[in-house]
Amino acid sequence: MASTVAISTPLSHSSTPNPKGKLSNLNPRIWFLATTPNKQLSALKYTKNSASTFPPNLCVQRRNAGLEGRLSPKAASSSSVVSSEYTEEPETKVKFQTSLSLPGCSSSLSLLGTGYREKVFAIIGVKVYAAGLYTNQSVFSKLDAWKGHSSAELQQDSSIFDAIFQAPLEKSLHIILVRDVDGKTFWDALDEAIAPRITSPTPVNESALSTFRSIFQGRPLKKGTSIFLTWLDTRKMLVCVSPDGAPSSVDATIESSNVTSALFDVFLGGNPVSPSLKASASNGLAAALKQLKPFS
């Protein structure tokens, strides 16, 4: 008997559940029972974002890295679902491809979750960018210890994200700006988050940060610009900036384990700059691990 995957996202105070449980069209293989879509909050209302999305492609069977047959789709009924190559981040309405092929990666990466970054000026929250976390699907074979854990448990358990970072598999953060930002301003905000995480920087760390900084200095970043931070391993990260989508080249290579781990912690550590991204990624992990079949 086919089981139903029920995915819900927290609603704003003015939202009400959809009593009919409308079927989503996000995925050709996975069915959702979705509530009414999140409503955009007024800029004058402060909310702690906890909206999340389910990565639609995680339970599709794939023939890579020996995972054939371990991830299987489930359906809720016999009705057809419209396929989609994109997932929309609910607060910014930015669309992310469900699969990406990036420079330096041995295989395509799959979308695990999305979120957004908001800065508060006075009492007004301003959304700066949306972000999508991508991973090599083989990473799930390293996460059997967390199978059966709820998304809430995973969100509070930093060890699973540390395991993802330590796994010798590529992962990437795709940032899409939702407003024009000066390059220096973007870097200063990023550096402000990285600096406390590197308590005693070495010459290697300083050199890596200088290389990182040089990418953004004097560079205007227009709305819609994509920034890709791709971890090839724990010591090496590629940075790509593209004005309109997938990058064709690498802008810089960062080689410092302290810098690469600090940056991963900025987004997925205990105090992430985008709580919505970590919550969404936790939802994706819980759902994917629930579908994970044991090796025979």
# chains A, B, ... in the order shown; residues from 1 in each chain; ligands from 1

$ closest_atom_pairs --of "range 159-215 of chain A" --to "range 266-284 of chain A" --cutoff "12 Å" --atoms "only C-alpha atoms" --output "CSV"
residue,atom,partner,partner_atom,distance
A:Ser159,CA,A:Gly269,CA,9.3
A:Ile160,CA,A:Ser282,CA,9.5
A:Phe161,CA,A:Leu268,CA,6.7
A:Asp162,CA,A:Gly269,CA,8.3
A:Ala163,CA,A:Leu268,CA,11.6
A:Ile164,CA,A:Leu268,CA,10.2
A:Phe165,CA,A:Leu268,CA,9.7
A:Ser172,CA,A:Phe267,CA,11.4
A:Leu173,CA,A:Phe267,CA,9.0
A:His174,CA,A:Leu277,CA,11.3
A:Ile175,CA,A:Leu277,CA,11.1
A:Ala189,CA,A:Val273,CA,10.2
A:Leu190,CA,A:Val266,CA,8.6
A:Asp191,CA,A:Val266,CA,10.1
A:Glu192,CA,A:Val266,CA,10.1
A:Ala193,CA,A:Val266,CA,6.4
A:Ile194,CA,A:Val266,CA,6.6
A:Ala195,CA,A:Val266,CA,10.1
A:Pro196,CA,A:Val266,CA,10.0
A:Arg197,CA,A:Val266,CA,8.3
A:Ile198,CA,A:Val266,CA,11.3

$ write_last_selection --atoms "all heavy atoms" --output "compact mmCIF listing (two decimals), in the first residue's frame"
# COMPACT_ATOMS: atom_id res chain seq x y z
N SER A 159 25.89 17.33 15.00
CA SER A 159 26.78 16.27 14.55
C SER A 159 26.44 15.76 13.15
O SER A 159 27.33 15.33 12.41
CB SER A 159 26.77 15.10 15.54
OG SER A 159 25.50 14.50 15.63
N ILE A 160 25.17 15.81 12.75
CA ILE A 160 24.82 15.33 11.42
C ILE A 160 25.36 16.27 10.34
O ILE A 160 25.84 15.84 9.29
CB ILE A 160 23.30 15.10 11.24
CG1 ILE A 160 23.06 14.40 9.89
CG2 ILE A 160 22.53 16.40 11.33
CD1 ILE A 160 21.63 13.92 9.70
N PHE A 161 25.31 17.57 10.61
CA PHE A 161 25.84 18.53 9.64
C PHE A 161 27.37 18.48 9.62
O PHE A 161 27.98 18.68 8.58
CB PHE A 161 25.32 19.93 9.94
CG PHE A 161 23.85 20.07 9.65
CD1 PHE A 161 22.92 19.97 10.67
CD2 PHE A 161 23.40 20.27 8.36
CE1 PHE A 161 21.56 20.07 10.40
CE2 PHE A 161 22.04 20.37 8.08
CZ PHE A 161 21.11 20.27 9.10
N ASP A 162 27.96 18.17 10.76
CA ASP A 162 29.40 17.99 10.79
C ASP A 162 29.79 16.75 9.97
O ASP A 162 30.79 16.76 9.25
CB ASP A 162 29.89 17.83 12.23
CG ASP A 162 31.40 17.73 12.32
OD1 ASP A 162 32.08 18.67 11.87
OD2 ASP A 162 31.91 16.71 12.82
N ALA A 163 28.96 15.71 10.06
CA ALA A 163 29.22 14.49 9.28
C ALA A 163 29.11 14.77 7.79
O ALA A 163 29.89 14.23 6.98
CB ALA A 163 28.24 13.39 9.69
N ILE A 164 28.16 15.60 7.41
CA ILE A 164 28.01 15.98 6.00
C ILE A 164 29.23 16.76 5.54
O ILE A 164 29.76 16.52 4.44
CB ILE A 164 26.72 16.81 5.80
CG1 ILE A 164 25.49 15.94 6.02
CG2 ILE A 164 26.68 17.44 4.40
CD1 ILE A 164 24.19 16.70 6.05
N PHE A 165 29.71 17.67 6.37
CA PHE A 165 30.89 18.45 6.01
C PHE A 165 32.12 17.56 5.91
O PHE A 165 32.93 17.72 4.98
CB PHE A 165 31.14 19.55 7.06
CG PHE A 165 32.40 20.33 6.81
CD1 PHE A 165 32.48 21.24 5.76
CD2 PHE A 165 33.52 20.14 7.60
CE1 PHE A 165 33.65 21.95 5.51
CE2 PHE A 165 34.69 20.84 7.37
CZ PHE A 165 34.76 21.76 6.32
N SER A 172 27.40 22.10 -2.07
CA SER A 172 27.48 23.48 -2.54
C SER A 172 26.33 24.31 -2.01
O SER A 172 25.22 23.80 -1.83
CB SER A 172 27.46 23.51 -4.08
OG SER A 172 27.66 24.83 -4.57
N LEU A 173 26.62 25.57 -1.74
CA LEU A 173 25.60 26.52 -1.34
C LEU A 173 25.39 27.48 -2.50
O LEU A 173 26.35 28.13 -2.95
CB LEU A 173 26.03 27.28 -0.08
CG LEU A 173 24.96 28.21 0.51
CD1 LEU A 173 23.86 27.37 1.17
CD2 LEU A 173 25.57 29.16 1.52
N HIS A 174 24.17 27.55 -2.99
CA HIS A 174 23.83 28.46 -4.08
C HIS A 174 23.08 29.65 -3.50
O HIS A 174 21.97 29.50 -2.99
CB HIS A 174 22.97 27.73 -5.12
CG HIS A 174 22.60 28.57 -6.30
ND1 HIS A 174 21.66 28.17 -7.24
CD2 HIS A 174 23.03 29.80 -6.71
CE1 HIS A 174 21.55 29.10 -8.17
NE2 HIS A 174 22.36 30.10 -7.86
N ILE A 175 23.69 30.81 -3.55
CA ILE A 175 23.10 32.04 -3.05
C ILE A 175 22.59 32.85 -4.23
O ILE A 175 23.30 33.04 -5.22
CB ILE A 175 24.13 32.86 -2.25
CG1 ILE A 175 24.53 32.14 -0.97
CG2 ILE A 175 23.60 34.26 -1.94
CD1 ILE A 175 25.71 32.76 -0.24
N ALA A 189 29.62 41.56 5.55
CA ALA A 189 28.64 40.80 6.33
C ALA A 189 29.08 39.35 6.50
O ALA A 189 28.94 38.75 7.57
CB ALA A 189 27.27 40.86 5.65
N LEU A 190 29.66 38.80 5.43
CA LEU A 190 30.15 37.41 5.49
C LEU A 190 31.36 37.31 6.42
O LEU A 190 31.45 36.40 7.25
CB LEU A 190 30.52 36.95 4.08
CG LEU A 190 30.65 35.45 3.84
CD1 LEU A 190 29.37 34.71 4.20
CD2 LEU A 190 31.01 35.18 2.38
N ASP A 191 32.26 38.25 6.31
CA ASP A 191 33.46 38.25 7.15
C ASP A 191 33.10 38.42 8.62
O ASP A 191 33.73 37.83 9.51
CB ASP A 191 34.39 39.38 6.70
CG ASP A 191 35.73 39.35 7.41
OD1 ASP A 191 36.31 38.25 7.53
OD2 ASP A 191 36.21 40.41 7.86
N GLU A 192 32.08 39.21 8.88
CA GLU A 192 31.61 39.42 10.26
C GLU A 192 31.14 38.11 10.88
O GLU A 192 31.30 37.89 12.09
CB GLU A 192 30.47 40.44 10.26
CG GLU A 192 29.92 40.79 11.63
CD GLU A 192 28.77 41.78 11.55
OE1 GLU A 192 28.74 42.59 10.60
OE2 GLU A 192 27.90 41.76 12.45
N ALA A 193 30.58 37.24 10.05
CA ALA A 193 30.12 35.95 10.55
C ALA A 193 31.25 34.93 10.64
O ALA A 193 31.27 34.08 11.54
CB ALA A 193 29.01 35.41 9.64
N ILE A 194 32.22 35.02 9.73
CA ILE A 194 33.33 34.06 9.71
C ILE A 194 34.33 34.33 10.83
O ILE A 194 34.81 33.40 11.50
CB ILE A 194 34.06 34.10 8.35
CG1 ILE A 194 33.14 33.60 7.23
CG2 ILE A 194 35.33 33.25 8.39
CD1 ILE A 194 33.74 33.76 5.85
N ALA A 195 34.67 35.61 11.03
CA ALA A 195 35.75 35.99 11.95
C ALA A 195 35.65 35.36 13.34
O ALA A 195 36.65 34.83 13.85
CB ALA A 195 35.83 37.51 12.04
N PRO A 196 34.48 35.39 14.01
CA PRO A 196 34.42 34.80 15.36
C PRO A 196 34.65 33.29 15.37
O PRO A 196 34.93 32.71 16.42
CB PRO A 196 32.99 35.13 15.81
CG PRO A 196 32.53 36.23 14.93
CD PRO A 196 33.20 35.99 13.62
N ARG A 197 34.54 32.65 14.23
CA ARG A 197 34.69 31.21 14.14
C ARG A 197 36.14 30.79 13.89
O ARG A 197 36.44 29.60 13.88
CB ARG A 197 33.77 30.67 13.05
CG ARG A 197 32.27 30.78 13.41
CD ARG A 197 31.39 30.48 12.20
NE ARG A 197 30.00 30.24 12.59
CZ ARG A 197 29.09 31.19 12.75
NH1 ARG A 197 29.43 32.47 12.57
NH2 ARG A 197 27.85 30.88 13.10
N ILE A 198 37.01 31.77 13.66
CA ILE A 198 38.45 31.48 13.51
C ILE A 198 39.17 32.29 14.57
O ILE A 198 39.51 33.46 14.37
CB ILE A 198 38.95 31.87 12.10
CG1 ILE A 198 38.11 31.15 11.02
CG2 ILE A 198 40.42 31.50 11.93
CD1 ILE A 198 38.49 31.53 9.59

$ select_by_dssp --residues "range 222-272 of chain A" --states "helix (DSSP H, G or I)" --output "ChimeraX atom specification"
/A:257-268

$ write_last_selection --atoms "C-alpha atoms" --output "mmCIF file, in the first residue's frame"
data_model
loop_
_atom_site.group_PDB
_atom_site.id
_atom_site.type_symbol
_atom_site.label_atom_id
_atom_site.label_comp_id
_atom_site.auth_asym_id
_atom_site.auth_seq_id
_atom_site.Cartn_x
_atom_site.Cartn_y
_atom_site.Cartn_z
ATOM 1 C CA SER A 257 40.403 23.917 6.495
ATOM 2 C CA ASN A 258 39.679 26.608 9.091
ATOM 3 C CA VAL A 259 38.079 28.950 6.568
ATOM 4 C CA THR A 260 36.070 26.267 4.768
ATOM 5 C CA SER A 261 34.744 24.767 8.016
ATOM 6 C CA ALA A 262 33.979 28.204 9.466
ATOM 7 C CA LEU A 263 31.947 29.099 6.393
ATOM 8 C CA PHE A 264 29.988 25.829 6.539
ATOM 9 C CA ASP A 265 29.274 26.556 10.208
ATOM 10 C CA VAL A 266 28.038 30.060 9.314
ATOM 11 C CA PHE A 267 25.135 28.511 7.423
ATOM 12 C CA LEU A 268 24.610 25.133 9.100
#

$ residues_around --residues "Thr98 in chain A" --least-positions-apart "4" --cutoff "6 Å" --atoms "only C-alpha atoms" --output "MDAnalysis selection string"
chainID A and resid 85:86 110:111

$ residues_around --residues "Asp180 in chain A" --least-positions-apart "5" --cutoff "10 Å" --atoms "only C-alpha atoms" --output "MDAnalysis selection string"
chainID A and resid 128:129 220:225

$ write_last_selection --atoms "N, CA, C and O atoms" --output "CSV table (one decimal), in the first residue's frame"
chain,number,residue,atom,x,y,z
A,128,VAL,N,17.8,39.7,2.0
A,128,VAL,CA,19.0,40.0,1.1
A,128,VAL,C,19.2,38.9,0.1
A,128,VAL,O,19.5,39.3,-1.1
A,129,TYR,N,19.1,37.7,0.4
A,129,TYR,CA,19.3,36.6,-0.6
A,129,TYR,C,18.5,35.4,-0.2
A,129,TYR,O,18.2,35.2,1.0
A,220,PRO,N,30.0,45.3,-8.0
A,220,PRO,CA,28.6,45.5,-7.7
A,220,PRO,C,27.9,44.1,-8.0
A,220,PRO,O,28.1,43.5,-9.0
A,221,LEU,N,27.0,43.8,-7.1
A,221,LEU,CA,26.3,42.5,-7.2
A,221,LEU,C,24.8,42.9,-7.4
A,221,LEU,O,24.1,43.4,-6.5
A,222,LYS,N,24.3,42.6,-8.6
A,222,LYS,CA,23.0,43.0,-8.9
A,222,LYS,C,22.0,41.9,-8.5
A,222,LYS,O,22.3,40.8,-8.2
A,223,LYS,N,20.7,42.3,-8.3
A,223,LYS,CA,19.6,41.4,-8.0
A,223,LYS,C,19.6,40.3,-9.0
A,223,LYS,O,19.7,40.5,-10.2
A,224,GLY,N,19.6,39.0,-8.6
A,224,GLY,CA,19.6,37.9,-9.5
A,224,GLY,C,20.9,37.2,-9.6
A,224,GLY,O,21.1,36.1,-10.2
A,225,THR,N,22.0,37.9,-9.1
A,225,THR,CA,23.3,37.4,-9.2
A,225,THR,C,23.4,36.1,-8.3
A,225,THR,O,22.9,36.0,-7.2

$ closest_atom_pairs --of "range 103-124 of chain A" --to "range 235-239 of chain A" --cutoff "12 Å" --atoms "only C-alpha atoms" --output "JSON lines"
{"residue": "A:Pro103", "atom": "CA", "partner": "A:Leu238", "partner_atom": "CA", "distance": 8.3}
{"residue": "A:Gly104", "atom": "CA", "partner": "A:Leu238", "partner_atom": "CA", "distance": 7.8}
{"residue": "A:Cys105", "atom": "CA", "partner": "A:Leu238", "partner_atom": "CA", "distance": 10.0}

$ closest_residue --among "A:Ser226, A:Lys119, A:Ser84, A:Leu289" --to "Ala145 in chain A" --atoms "only C-alpha atoms"
A:Leu289

$ closest_residue --among "A:Thr230, A:Thr202, A:Ser141, A:Thr211" --to "Leu292 in chain A" --atoms "only C-alpha atoms"
A:Ser141

$ residues_around --residues "Ser249 in chain A" --least-positions-apart "5" --cutoff "9 Å" --atoms "only C-alpha atoms" --output "PyMOL selection string"
chain A and resi 103+240-242

$ closest_residue --among "A:Leu209, A:Val120, A:Ala131, A:Ala286" --to "Pro90 in chain A" --atoms "only C-alpha atoms"
A:Ala131

$ atom_distance --atom1 "CA of Phe228 in chain A" --atom2 "CA of Ser99 in chain A"
13.7 Å

$ residues_around --residues "Ala130 in chain A" --least-positions-apart "2" --cutoff "9 Å" --atoms "only C-alpha atoms" --output "ChimeraX atom specification"
/A:89,91-94,114-117,127-128,132,174-178,277

$ write_last_selection --atoms "all heavy atoms" --output "compact mmCIF listing (two decimals), in the first residue's frame"
# COMPACT_ATOMS: atom_id res chain seq x y z
N GLU A 89 11.75 28.78 -3.13
CA GLU A 89 11.90 29.18 -1.74
C GLU A 89 10.67 30.05 -1.41
O GLU A 89 10.43 31.06 -2.07
CB GLU A 89 13.20 29.99 -1.57
CG GLU A 89 13.66 30.16 -0.12
CD GLU A 89 12.80 31.12 0.68
OE1 GLU A 89 12.59 32.25 0.19
OE2 GLU A 89 12.32 30.72 1.76
N GLU A 91 9.51 32.24 0.87
CA GLU A 91 9.46 33.63 1.31
C GLU A 91 9.92 34.61 0.24
O GLU A 91 9.38 35.70 0.12
CB GLU A 91 10.32 33.80 2.58
CG GLU A 91 9.77 33.09 3.80
CD GLU A 91 8.46 33.68 4.28
OE1 GLU A 91 8.25 34.89 4.09
OE2 GLU A 91 7.63 32.92 4.82
N THR A 92 10.92 34.23 -0.53
CA THR A 92 11.46 35.14 -1.56
C THR A 92 10.91 34.83 -2.95
O THR A 92 11.10 35.62 -3.88
CB THR A 92 12.99 35.04 -1.62
OG1 THR A 92 13.35 33.69 -1.94
CG2 THR A 92 13.61 35.43 -0.29
N LYS A 93 10.29 33.66 -3.10
CA LYS A 93 9.78 33.18 -4.39
C LYS A 93 10.89 32.90 -5.39
O LYS A 93 10.65 32.82 -6.60
CB LYS A 93 8.78 34.19 -5.00
CG LYS A 93 7.65 34.60 -4.07
CD LYS A 93 6.90 33.39 -3.52
CE LYS A 93 5.77 33.82 -2.58
NZ LYS A 93 5.12 32.67 -1.93
N VAL A 94 12.11 32.75 -4.92
CA VAL A 94 13.24 32.43 -5.79
C VAL A 94 13.20 30.94 -6.11
O VAL A 94 12.99 30.11 -5.22
CB VAL A 94 14.58 32.80 -5.12
CG1 VAL A 94 15.76 32.25 -5.91
CG2 VAL A 94 14.70 34.31 -5.01
N THR A 114 16.12 24.82 1.11
CA THR A 114 16.26 26.23 0.75
C THR A 114 15.91 27.12 1.94
O THR A 114 15.25 26.69 2.88
CB THR A 114 15.33 26.61 -0.43
OG1 THR A 114 13.96 26.47 0.00
CG2 THR A 114 15.58 25.73 -1.65
N GLY A 115 16.35 28.36 1.88
CA GLY A 115 16.03 29.31 2.93
C GLY A 115 16.39 30.71 2.47
O GLY A 115 16.67 30.93 1.29
N TYR A 116 16.36 31.65 3.39
CA TYR A 116 16.70 33.01 3.01
C TYR A 116 17.45 33.71 4.15
O TYR A 116 17.42 33.28 5.30
CB TYR A 116 15.46 33.82 2.63
CG TYR A 116 14.52 34.13 3.78
CD1 TYR A 116 14.66 35.29 4.54
CD2 TYR A 116 13.49 33.25 4.12
CE1 TYR A 116 13.81 35.57 5.59
CE2 TYR A 116 12.64 33.52 5.17
CZ TYR A 116 12.80 34.69 5.90
OH TYR A 116 11.97 34.97 6.96
N ARG A 117 18.14 34.77 3.80
CA ARG A 117 18.90 35.57 4.76
C ARG A 117 18.22 36.92 4.89
O ARG A 117 17.93 37.58 3.90
CB ARG A 117 20.34 35.76 4.26
CG ARG A 117 21.19 36.73 5.07
CD ARG A 117 21.63 36.12 6.38
NE ARG A 117 22.74 36.83 6.96
CZ ARG A 117 22.70 37.52 8.11
NH1 ARG A 117 21.57 37.59 8.79
NH2 ARG A 117 23.78 38.10 8.59
N LYS A 127 15.04 41.22 3.36
CA LYS A 127 15.58 40.00 2.79
C LYS A 127 16.70 40.35 1.81
O LYS A 127 16.52 41.20 0.93
CB LYS A 127 14.48 39.19 2.12
CG LYS A 127 13.45 38.65 3.11
CD LYS A 127 12.33 37.93 2.40
CE LYS A 127 11.35 37.36 3.43
NZ LYS A 127 10.68 38.44 4.22
N VAL A 128 17.85 39.69 1.96
CA VAL A 128 19.02 40.00 1.14
C VAL A 128 19.23 38.94 0.06
O VAL A 128 19.50 39.27 -1.09
CB VAL A 128 20.29 40.10 2.02
CG1 VAL A 128 21.50 40.45 1.16
CG2 VAL A 128 20.10 41.12 3.12
N GLY A 132 20.18 27.88 -1.44
CA GLY A 132 19.84 26.47 -1.58
C GLY A 132 21.06 25.62 -1.29
O GLY A 132 22.16 25.92 -1.76
N HIS A 174 24.17 27.55 -2.99
CA HIS A 174 23.83 28.46 -4.08
C HIS A 174 23.08 29.65 -3.50
O HIS A 174 21.97 29.50 -2.99
CB HIS A 174 22.97 27.73 -5.12
CG HIS A 174 22.60 28.57 -6.30
ND1 HIS A 174 21.66 28.17 -7.24
CD2 HIS A 174 23.03 29.80 -6.71
CE1 HIS A 174 21.55 29.10 -8.17
NE2 HIS A 174 22.36 30.10 -7.86
N ILE A 175 23.69 30.81 -3.55
CA ILE A 175 23.10 32.04 -3.05
C ILE A 175 22.59 32.85 -4.23
O ILE A 175 23.30 33.04 -5.22
CB ILE A 175 24.13 32.86 -2.25
CG1 ILE A 175 24.53 32.14 -0.97
CG2 ILE A 175 23.60 34.26 -1.94
CD1 ILE A 175 25.71 32.76 -0.24
N ILE A 176 21.35 33.31 -4.16
CA ILE A 176 20.78 34.17 -5.20
C ILE A 176 20.31 35.46 -4.55
O ILE A 176 19.44 35.45 -3.67
CB ILE A 176 19.61 33.48 -5.92
CG1 ILE A 176 20.06 32.16 -6.55
CG2 ILE A 176 19.03 34.40 -7.00
CD1 ILE A 176 18.94 31.39 -7.25
N LEU A 177 20.91 36.58 -4.95
CA LEU A 177 20.55 37.87 -4.37
C LEU A 177 19.15 38.29 -4.79
O LEU A 177 18.76 38.14 -5.95
CB LEU A 177 21.56 38.93 -4.81
CG LEU A 177 23.01 38.71 -4.38
CD1 LEU A 177 23.90 39.83 -4.91
CD2 LEU A 177 23.12 38.63 -2.86
N VAL A 178 18.40 38.84 -3.84
CA VAL A 178 17.05 39.32 -4.15
C VAL A 178 17.00 40.85 -4.14
O VAL A 178 15.93 41.44 -4.23
CB VAL A 178 16.01 38.75 -3.15
CG1 VAL A 178 15.95 37.24 -3.28
CG2 VAL A 178 16.33 39.15 -1.71
N LEU A 277 17.14 28.01 6.22
CA LEU A 277 17.90 27.07 5.39
C LEU A 277 18.20 25.79 6.17
O LEU A 277 18.02 24.68 5.66
CB LEU A 277 19.20 27.71 4.91
CG LEU A 277 20.15 26.78 4.14
CD1 LEU A 277 19.51 26.30 2.84
CD2 LEU A 277 21.48 27.47 3.86
